[in-house]
Protein chains: 2
Amino acid sequence: MESVYLDHNATTALDSQVLEAMLPWMHTQSGNPTSRHSYGRASRDAVEHARTQVADACGAYPSQVVFTASGTEANNFAVKGLALAKAHTLGGIELNSGLQILSSAIEHPCVSRPALAMQSLGFMPRAIAVNQHGLVDLVKLQEQLVKSTALVSAMLANNETGVIQDLAKIAELARAHGAFVHTDAVQALGKISLNFADLNVHAMTISSHKIHGPQGAAALILDKRIDIQPLLHGGGQEKGLRSGTENVAAIIGFGLACELAVKRLKDFASHTATLRDQFEQGLKVLDVTIFGSQANRLPNTSFFAIHSIEGETLVMALDRKGYAVASGSACSSDSTEPSHVLLAMGVDADTARGAVRVSFGPHNTTEQVAEFLKVLKTEIARLRQLTAIAA
Amino acid sequence: MESVYLDHNATTALDSQVLEAMLPWMHTQSGNPTSRHSYGRASRDAVEHARTQVADACGAYPSQVVFTASGTEANNFAVKGLALAKAHTLGGIELNSGLQILSSAIEHPCVSRPALAMQSLGFMPRAIAVNQHGLVDLVKLQEQLVKSTALVSAMLANNETGVIQDLAKIAELARAHGAFVHTDAVQALGKISLNFADLNVHAMTISSHKIHGPQGAAALILDKRIDIQPLLHGGGQEKGLRSGTENVAAIIGFGLACELAVKRLKDFASHTATLRDQFEQGLKVLDVTIFGSQANRLPNTSFFAIHSIEGETLVMALDRKGYAVASGSACSSDSTEPSHVLLAMGVDADTARGAVRVSFGPHNTTEQVAEFLKVLKTEIARLRQLTAIAA
């Protein structure tokens, strides 16, 4: 049985047009872009074309695009690199102690954990609080910025709730205190309009496999005036900022996926918002909490908890019925801890354990949503009965 | 005109069987391996199957395989991670000063440059000398090991000369002085038999796109008893050692490419050695130096210089005639400096500037070699005449 896929914030299917564009580079010999022969030059040209497509999709210049192999790598590069670059401008590594790295309490672990790791170099990682709607508390941020801060990192759209931050405002506050600003925009690309220049940040992470591009490609969009050290040292690719043979086919796919994402943005937004609204309308008759629903959210994301039913249990039950949904952020699903995003929003641990995320994609239909709601209701009733018997 | 590809040490064409195995994961929805639904579990199972294939191909246990996105990433992870791990066992970061990181003078920059970068943390990167044959000078290594050494890194087979080191001996010396040992075996996999246990190293890098696998997958084979810190922090994939959503299709391709490489090893070695010998026999009538020819070399690699002709010029001339060869290591071809490998072997800079690398693959033929030799001779004569006129 082919399941109905409702987990597009975790990963998306490769677009057939994108695959088509990649295949010629996989079917026949393609060169190492650093090689000077015709194979190498063809690969180099293709990579540079993709760089333009990626830049165009997010309001950046091609020269600001640093390709990486994943969003995680781009976030590690940004957090570690920008913190060290700021320390360097302030007089070197001895000064690190006392320099804050502020990241919002709802960041993906690939931002918060690199920040924590910088503690060993004397930095002070600190979380920025969010309010009950999942929005960064700007007053508290302002207070925290009084101490020397190397970097403020806040994600543009949250992977679990879909809540969208006022990044330009965050950037304004951070810049006023001399800090660098980074945003993880992985979940925003292709779902809302995205403009690097307007956000006024120093660096922004985007990724291919969340927008129907291949895995293995992502980018850090970077203000190149910053003297940042690479995370990956070696052959000097990406103007010395990110070494490693370019993943040519994946980068080509990423470029086209970016172009298509922008073209399809309006349709995506209206289509998935319709499905999401239909879904949440249907949820209302159940004893349910919808997280972040009072904030500006991504159109495709619904994060909710059914009272007294564990999210994990519900996810497995729905999987058996042919629906693929998530119980929390996919990347931390090895853990049984309640979502750190919800805890940061002040949700109690019991409610947070009930959290289930549905994230719609362009190929989902209203029929699927209607059918899914029926199945969800049946499963909830069944699970409630089991719980009642067990109790 | 389709060129004859003679640059297999730079990158290789994706094997059609490997592509076939990858396509089902690219044609339809595939899950994030961390997701708990059926899509996610299928991806997880596929990644674990590939892990077994990779381990089997290089005499390791599946649990020792840490997937990365590139050889460069694996080498950065190894060099930085092992150096810090050793410093940690010796009492923490304050002790770094005085701790050596030894890497051979002929390493790829993705080993030597991470080593250099560790200088900012107080480590002392030092090059290990090689002799005129391109072999690590074991006496000098022994002398260097007298000082506290965190790590010795020496590549198993050199990408330019193809010269193969006595790694087990290097490892024995390093271990006797309490140092960790890493080897970059990227060029060795699929060309000579490879056994992690026999090499007695703590970590070994291998990569997919050098063995007709896809780009975007590589691995660090790692002695897991070492308390190593990740280079990429985040969602905790690869048992916390390398975060980032797994590149499922690429890893699947890498696994199969490893399996095929082992199956085809004997044929590859005898076939390419025949071509290489035929080629070098033909070279003899020219005024040529063949580098590393007195040492144990990879079967497919010939690195030579034609007297008084610049390698770069010859590479471009051959490219126009339909032959793709390299003038040095592909990854540093942006540079016009003579090969650091040759300089380390005591070759004078003028001769080194003439260096051209031919690296054969399984689909090259004796007819191609014969034709290539003819073209080479013609081009050399033409270039000599141009030089004579210019002089």
# chains A, B, ... in the order shown; residues from 1 in each chain; ligands from 1
$ select_by_dssp --residues "stretch 228-289 of chain B" --states "alpha helix (DSSP H)" --output "ChimeraX atom specification"
/B:248-263,265-283
$ residues_around --residues "B:Ala42" --least-positions-apart "4" --cutoff "12 Å" --atoms "only C-alpha atoms" --output "PyMOL selection string"
chain B and resi 24-25+29-38+46-49+248-249+252
$ write_last_selection --atoms "C-alpha atoms" --output "PDB file, in the first residue's frame"
ATOM      1  CA  PRO B  24      13.759   4.102  -7.465  1.00  0.00           C
ATOM      2  CA  TRP B  25      14.731   6.408  -4.588  1.00  0.00           C
ATOM      3  CA  GLN B  29       8.727   9.754  -2.634  1.00  0.00           C
ATOM      4  CA  SER B  30      11.420   8.553  -0.280  1.00  0.00           C
ATOM      5  CA  GLY B  31      11.366   9.329   3.394  1.00  0.00           C
ATOM      6  CA  ASN B  32      13.754  11.058   5.742  1.00  0.00           C
ATOM      7  CA  PRO B  33      15.531   8.123   7.435  1.00  0.00           C
ATOM      8  CA  THR B  34      14.842   9.724  10.796  1.00  0.00           C
ATOM      9  CA  SER B  35      11.084   9.705  10.185  1.00  0.00           C
ATOM     10  CA  ARG B  36       9.183   6.908  11.885  1.00  0.00           C
ATOM     11  CA  HIS B  37       6.594   6.251   9.213  1.00  0.00           C
ATOM     12  CA  SER B  38       6.934   3.573   6.518  1.00  0.00           C
ATOM     13  CA  ALA B  46      18.387   1.047   2.749  1.00  0.00           C
ATOM     14  CA  VAL B  47      21.032   3.189   4.450  1.00  0.00           C
ATOM     15  CA  GLU B  48      21.882   0.357   6.834  1.00  0.00           C
ATOM     16  CA  HIS B  49      22.162  -2.117   3.972  1.00  0.00           C
ATOM     17  CA  VAL B 248      19.707   8.245   0.849  1.00  0.00           C
ATOM     18  CA  ALA B 249      20.066   7.713  -2.903  1.00  0.00           C
ATOM     19  CA  ILE B 252      22.618   3.457  -1.648  1.00  0.00           C
TER      20      ILE B 252
END
$ interface_residues --of "chain A" --to "chain B" --cutoff "6 Å" --atoms "only C-alpha atoms" --output "ChimeraX atom specification"
/A:11,13-14,26,29,32,34-35,37,72,109-110,113-114,215-216,233-235,244,247,319,324,330-332
$ write_last_selection --atoms "N, CA and C atoms" --output "compact mmCIF listing (two decimals), in the first residue's frame"
# COMPACT_ATOMS: atom_id res chain seq x y z
N THR A 11 11.07 15.85 4.37
CA THR A 11 11.74 15.79 3.08
C THR A 11 10.67 15.70 2.00
N ALA A 13 9.56 14.64 -2.24
CA ALA A 13 9.93 13.81 -3.39
C ALA A 13 10.65 14.67 -4.43
N LEU A 14 11.60 14.07 -5.08
CA LEU A 14 12.33 14.76 -6.15
C LEU A 14 11.36 15.05 -7.30
N MET A 26 24.33 12.07 -14.84
CA MET A 26 24.51 10.81 -14.13
C MET A 26 24.65 9.65 -15.12
N GLN A 29 29.75 10.18 -18.49
CA GLN A 29 30.90 10.77 -17.80
C GLN A 29 30.68 12.26 -17.58
N ASN A 32 35.11 16.51 -13.05
CA ASN A 32 35.31 17.24 -11.82
C ASN A 32 35.39 18.72 -12.20
N THR A 34 36.77 21.12 -11.16
CA THR A 34 38.09 21.74 -11.03
C THR A 34 39.01 21.33 -12.17
N SER A 35 38.65 20.27 -12.89
CA SER A 35 39.49 19.81 -14.00
C SER A 35 39.41 20.80 -15.16
N HIS A 37 39.95 20.15 -18.46
CA HIS A 37 39.53 19.63 -19.76
C HIS A 37 38.04 19.89 -19.99
N THR A 72 22.32 21.25 7.34
CA THR A 72 23.08 21.08 8.58
C THR A 72 24.49 21.62 8.42
N PRO A 109 18.20 21.59 15.94
CA PRO A 109 19.47 21.25 16.62
C PRO A 109 20.73 21.55 15.80
N CYS A 110 20.60 21.63 14.47
CA CYS A 110 21.80 21.91 13.68
C CYS A 110 22.19 23.39 13.73
N ARG A 113 23.04 23.13 18.45
CA ARG A 113 24.17 22.30 18.91
C ARG A 113 25.54 22.83 18.45
N PRO A 114 25.68 23.32 17.23
CA PRO A 114 26.95 24.00 16.91
C PRO A 114 27.21 25.17 17.87
N GLN A 215 18.68 15.43 -2.48
CA GLN A 215 19.51 15.54 -1.29
C GLN A 215 20.94 15.81 -1.74
N GLY A 216 21.75 16.32 -0.85
CA GLY A 216 23.17 16.49 -1.18
C GLY A 216 23.53 17.89 -1.64
N HIS A 233 38.13 22.58 5.02
CA HIS A 233 39.36 23.04 4.37
C HIS A 233 39.81 22.01 3.34
N GLY A 234 40.42 22.49 2.27
CA GLY A 234 40.95 21.54 1.28
C GLY A 234 41.29 22.20 -0.03
N GLY A 235 40.72 21.67 -1.10
CA GLY A 235 41.08 22.08 -2.45
C GLY A 235 40.73 23.51 -2.82
N GLY A 244 35.91 20.71 -1.30
CA GLY A 244 35.26 19.44 -1.61
C GLY A 244 34.77 19.49 -3.04
N ASN A 247 29.18 18.56 -5.89
CA ASN A 247 28.23 17.50 -6.23
C ASN A 247 27.42 18.02 -7.43
N ASP A 319 0.31 5.56 10.47
CA ASP A 319 1.19 4.92 9.49
C ASP A 319 0.60 3.59 9.05
N ALA A 324 1.46 9.09 6.30
CA ALA A 324 2.79 9.40 6.83
C ALA A 324 2.80 10.81 7.39
N ALA A 330 11.46 15.78 12.46
CA ALA A 330 11.97 14.50 11.98
C ALA A 330 13.37 14.24 12.50
N CYS A 331 14.17 15.28 12.54
CA CYS A 331 15.58 15.10 12.86
C CYS A 331 15.82 14.75 14.30
N SER A 332 14.82 14.93 15.15
CA SER A 332 15.08 14.54 16.53
C SER A 332 14.15 13.42 16.94
$ residues_around --residues "A:Ile221" --least-positions-apart "5" --cutoff "10 Å" --atoms "only C-alpha atoms" --output "list in words"
Val54, Ala55, Cys58, Gly59, Ala60, Tyr61, Pro62, Ser63, Gln64, Val65, Val66, Phe67, Ala74, Ala78, His182, Thr183, Phe196, Val201, His202, Ala203, Met204, Thr205 and Ile206 of chain A
$ residues_around --residues "A:Val130" --least-positions-apart "2" --cutoff "7 Å" --atoms "only C-alpha atoms" --output "ChimeraX atom specification"
/A:105,128,132,134-137,344-345
$ write_last_selection --atoms "N, CA, C and O atoms" --output "tab-separated table (two decimals), in the first residue's frame"
chain	number	residue	atom	x	y	z
A	105	ALA	N	15.21	29.80	21.08
A	105	ALA	CA	14.98	28.54	21.81
A	105	ALA	C	14.30	27.49	20.94
A	105	ALA	O	14.17	26.34	21.34
A	128	ILE	N	17.40	32.49	23.03
A	128	ILE	CA	16.48	33.63	23.04
A	128	ILE	C	15.08	33.07	23.25
A	128	ILE	O	14.65	32.18	22.53
A	132	GLN	N	4.23	32.54	23.70
A	132	GLN	CA	3.36	31.35	23.56
A	132	GLN	C	2.97	31.08	22.11
A	132	GLN	O	2.54	29.99	21.77
A	134	GLY	N	5.16	31.25	19.72
A	134	GLY	CA	6.35	30.75	19.02
A	134	GLY	C	7.16	31.86	18.38
A	134	GLY	O	8.05	31.58	17.57
A	135	LEU	N	6.88	33.11	18.77
A	135	LEU	CA	7.62	34.24	18.20
A	135	LEU	C	8.72	34.70	19.15
A	135	LEU	O	8.51	34.75	20.38
A	136	VAL	N	9.86	35.03	18.60
A	136	VAL	CA	10.98	35.53	19.40
A	136	VAL	C	10.52	36.74	20.21
A	136	VAL	O	9.89	37.66	19.68
A	137	ASP	N	10.83	36.70	21.49
A	137	ASP	CA	10.48	37.80	22.39
A	137	ASP	C	11.49	38.93	22.19
A	137	ASP	O	12.62	38.86	22.66
A	344	ALA	N	9.49	25.47	24.76
A	344	ALA	CA	9.92	26.87	24.74
A	344	ALA	C	8.72	27.81	24.62
A	344	ALA	O	8.77	28.96	25.07
A	345	MET	N	7.65	27.33	24.02
A	345	MET	CA	6.43	28.14	23.87
A	345	MET	C	5.56	28.07	25.13
A	345	MET	O	4.45	28.62	25.15
$ atom_distance --atom1 "atom CA of A:Gly253" --atom2 "atom CA of A:Val18"
5.3 Å
$ atom_distance --atom1 "atom CA of B:Ser43" --atom2 "atom CA of B:Ala21"
13.2 Å
$ select_by_dssp --residues "stretch 35-74 of chain B" --states "strand (DSSP E or B)" --output "list in words"
Val65, Val66, Phe67 and Thr68 of chain B
$ closest_residue --among "B:Ala127, B:Leu194, B:Leu189, B:Leu199" --to "B:Phe254" --atoms "only C-alpha atoms"
B:Leu189
$ closest_residue --among "B:Ala85, B:Ile101, B:Ala388, B:Ala188" --to "B:Ile164" --atoms "only C-alpha atoms"
B:Ala188
$ atom_distance --atom1 "atom CA of B:Met118" --atom2 "atom CA of B:Lys80"
6.9 Å
$ closest_residue --among "A:Ala349, A:Phe303, A:Gly81, A:Glu259" --to "A:Leu241" --atoms "only C-alpha atoms"
A:Gly81
$ residues_around --residues "A:Phe123" --least-positions-apart "5" --cutoff "8 Å" --atoms "only C-alpha atoms" --output "list of chain:residue names"
A:Asn96, A:Ser97, A:Gly98, A:Leu99, A:Gln100, A:Ile101, A:Met118
$ write_last_selection --atoms "N, CA, C and O atoms" --output "compact mmCIF listing (two decimals), in the first residue's frame"
# COMPACT_ATOMS: atom_id res chain seq x y z
N ASN A 96 37.09 35.50 23.14
CA ASN A 96 35.86 34.72 23.00
C ASN A 96 35.07 34.66 24.30
O ASN A 96 33.85 34.71 24.30
N SER A 97 35.78 34.53 25.41
CA SER A 97 35.05 34.40 26.67
C SER A 97 34.27 35.69 26.89
O SER A 97 34.82 36.79 26.80
N GLY A 98 33.02 35.52 27.13
CA GLY A 98 32.18 36.70 27.28
C GLY A 98 31.38 37.00 26.03
O GLY A 98 30.36 37.67 26.09
N LEU A 99 31.83 36.49 24.88
CA LEU A 99 31.09 36.74 23.64
C LEU A 99 29.91 35.77 23.55
O LEU A 99 30.09 34.56 23.56
N GLN A 100 28.73 36.33 23.42
CA GLN A 100 27.54 35.49 23.37
C GLN A 100 27.27 34.98 21.95
O GLN A 100 27.55 35.65 20.97
N ILE A 101 26.71 33.77 21.88
CA ILE A 101 26.05 33.30 20.65
C ILE A 101 24.59 33.12 21.03
O ILE A 101 24.24 32.23 21.80
N MET A 118 30.49 25.63 20.61
CA MET A 118 31.43 26.75 20.64
C MET A 118 31.80 27.15 22.07
O MET A 118 32.71 27.96 22.28
$ decode --residues "stretch 179-192 of chain B" --atoms "all heavy atoms" --output "compact mmCIF listing (two decimals), in the first residue's frame"
# COMPACT_ATOMS: atom_id res chain seq x y z
N ALA B 179 50.32 8.11 19.20
CA ALA B 179 49.56 8.99 18.32
C ALA B 179 48.42 8.24 17.65
O ALA B 179 48.50 7.02 17.44
CB ALA B 179 50.48 9.59 17.26
N PHE B 180 47.36 8.96 17.30
CA PHE B 180 46.33 8.39 16.44
C PHE B 180 46.85 8.38 15.00
O PHE B 180 47.72 9.18 14.64
CB PHE B 180 45.05 9.23 16.50
CG PHE B 180 44.26 9.05 17.77
CD1 PHE B 180 43.68 10.14 18.40
CD2 PHE B 180 44.10 7.79 18.34
CE1 PHE B 180 42.93 9.99 19.57
CE2 PHE B 180 43.36 7.62 19.51
CZ PHE B 180 42.78 8.73 20.13
N VAL B 181 46.33 7.46 14.20
CA VAL B 181 46.73 7.35 12.80
C VAL B 181 45.51 7.41 11.90
O VAL B 181 44.52 6.71 12.13
CB VAL B 181 47.45 6.01 12.50
CG1 VAL B 181 48.20 6.12 11.18
CG2 VAL B 181 48.37 5.63 13.63
N HIS B 182 45.59 8.24 10.90
CA HIS B 182 44.53 8.35 9.90
C HIS B 182 45.12 8.15 8.52
O HIS B 182 46.25 8.57 8.25
CB HIS B 182 43.88 9.73 9.97
CG HIS B 182 43.03 10.07 8.76
ND1 HIS B 182 43.43 10.99 7.81
CD2 HIS B 182 41.84 9.59 8.35
CE1 HIS B 182 42.50 11.07 6.87
NE2 HIS B 182 41.52 10.23 7.16
N THR B 183 44.36 7.49 7.64
CA THR B 183 44.80 7.42 6.25
C THR B 183 43.67 7.82 5.31
O THR B 183 42.50 7.45 5.51
CB THR B 183 45.33 6.01 5.89
OG1 THR B 183 45.92 6.09 4.58
CG2 THR B 183 44.23 4.96 5.86
N ASP B 184 44.04 8.61 4.33
CA ASP B 184 43.14 8.97 3.25
C ASP B 184 43.30 7.88 2.19
O ASP B 184 44.30 7.83 1.48
CB ASP B 184 43.55 10.34 2.71
CG ASP B 184 42.77 10.76 1.47
OD1 ASP B 184 41.98 9.94 0.95
OD2 ASP B 184 42.96 11.90 1.01
N ALA B 185 42.30 6.99 2.12
CA ALA B 185 42.38 5.85 1.21
C ALA B 185 41.46 6.04 0.00
O ALA B 185 41.07 5.08 -0.66
CB ALA B 185 42.04 4.56 1.95
N VAL B 186 41.13 7.30 -0.27
CA VAL B 186 40.18 7.61 -1.35
C VAL B 186 40.65 7.05 -2.69
O VAL B 186 39.86 6.50 -3.46
CB VAL B 186 39.95 9.14 -1.43
CG1 VAL B 186 39.33 9.54 -2.75
CG2 VAL B 186 39.11 9.62 -0.27
N GLN B 187 41.95 7.18 -2.97
CA GLN B 187 42.45 6.70 -4.26
C GLN B 187 42.73 5.20 -4.25
O GLN B 187 42.93 4.60 -5.31
CB GLN B 187 43.72 7.46 -4.66
CG GLN B 187 43.50 8.94 -4.95
CD GLN B 187 42.69 9.21 -6.21
OE1 GLN B 187 42.49 8.33 -7.04
NE2 GLN B 187 42.21 10.43 -6.35
N ALA B 188 42.79 4.62 -3.08
CA ALA B 188 43.11 3.18 -2.99
C ALA B 188 41.89 2.30 -3.23
O ALA B 188 41.97 1.27 -3.91
CB ALA B 188 43.72 2.88 -1.62
N LEU B 189 40.76 2.72 -2.70
CA LEU B 189 39.54 1.90 -2.80
C LEU B 189 39.23 1.57 -4.26
O LEU B 189 39.18 2.45 -5.11
CB LEU B 189 38.36 2.65 -2.17
CG LEU B 189 37.01 1.93 -2.18
CD1 LEU B 189 37.03 0.68 -1.33
CD2 LEU B 189 35.89 2.87 -1.70
N GLY B 190 39.04 0.30 -4.52
CA GLY B 190 38.68 -0.14 -5.86
C GLY B 190 39.86 -0.34 -6.78
O GLY B 190 39.71 -0.87 -7.89
N LYS B 191 41.06 0.11 -6.35
CA LYS B 191 42.24 -0.03 -7.20
C LYS B 191 43.23 -1.03 -6.63
O LYS B 191 43.94 -1.70 -7.38
CB LYS B 191 42.92 1.34 -7.38
CG LYS B 191 42.05 2.33 -8.15
CD LYS B 191 42.67 3.72 -8.20
CE LYS B 191 41.69 4.74 -8.77
NZ LYS B 191 41.91 6.09 -8.24
N ILE B 192 43.30 -1.11 -5.32
CA ILE B 192 44.09 -2.14 -4.65
C ILE B 192 43.22 -2.71 -3.53
O ILE B 192 42.23 -2.09 -3.14
CB ILE B 192 45.42 -1.58 -4.05
CG1 ILE B 192 45.13 -0.43 -3.07
CG2 ILE B 192 46.36 -1.12 -5.17
CD1 ILE B 192 46.36 0.06 -2.32
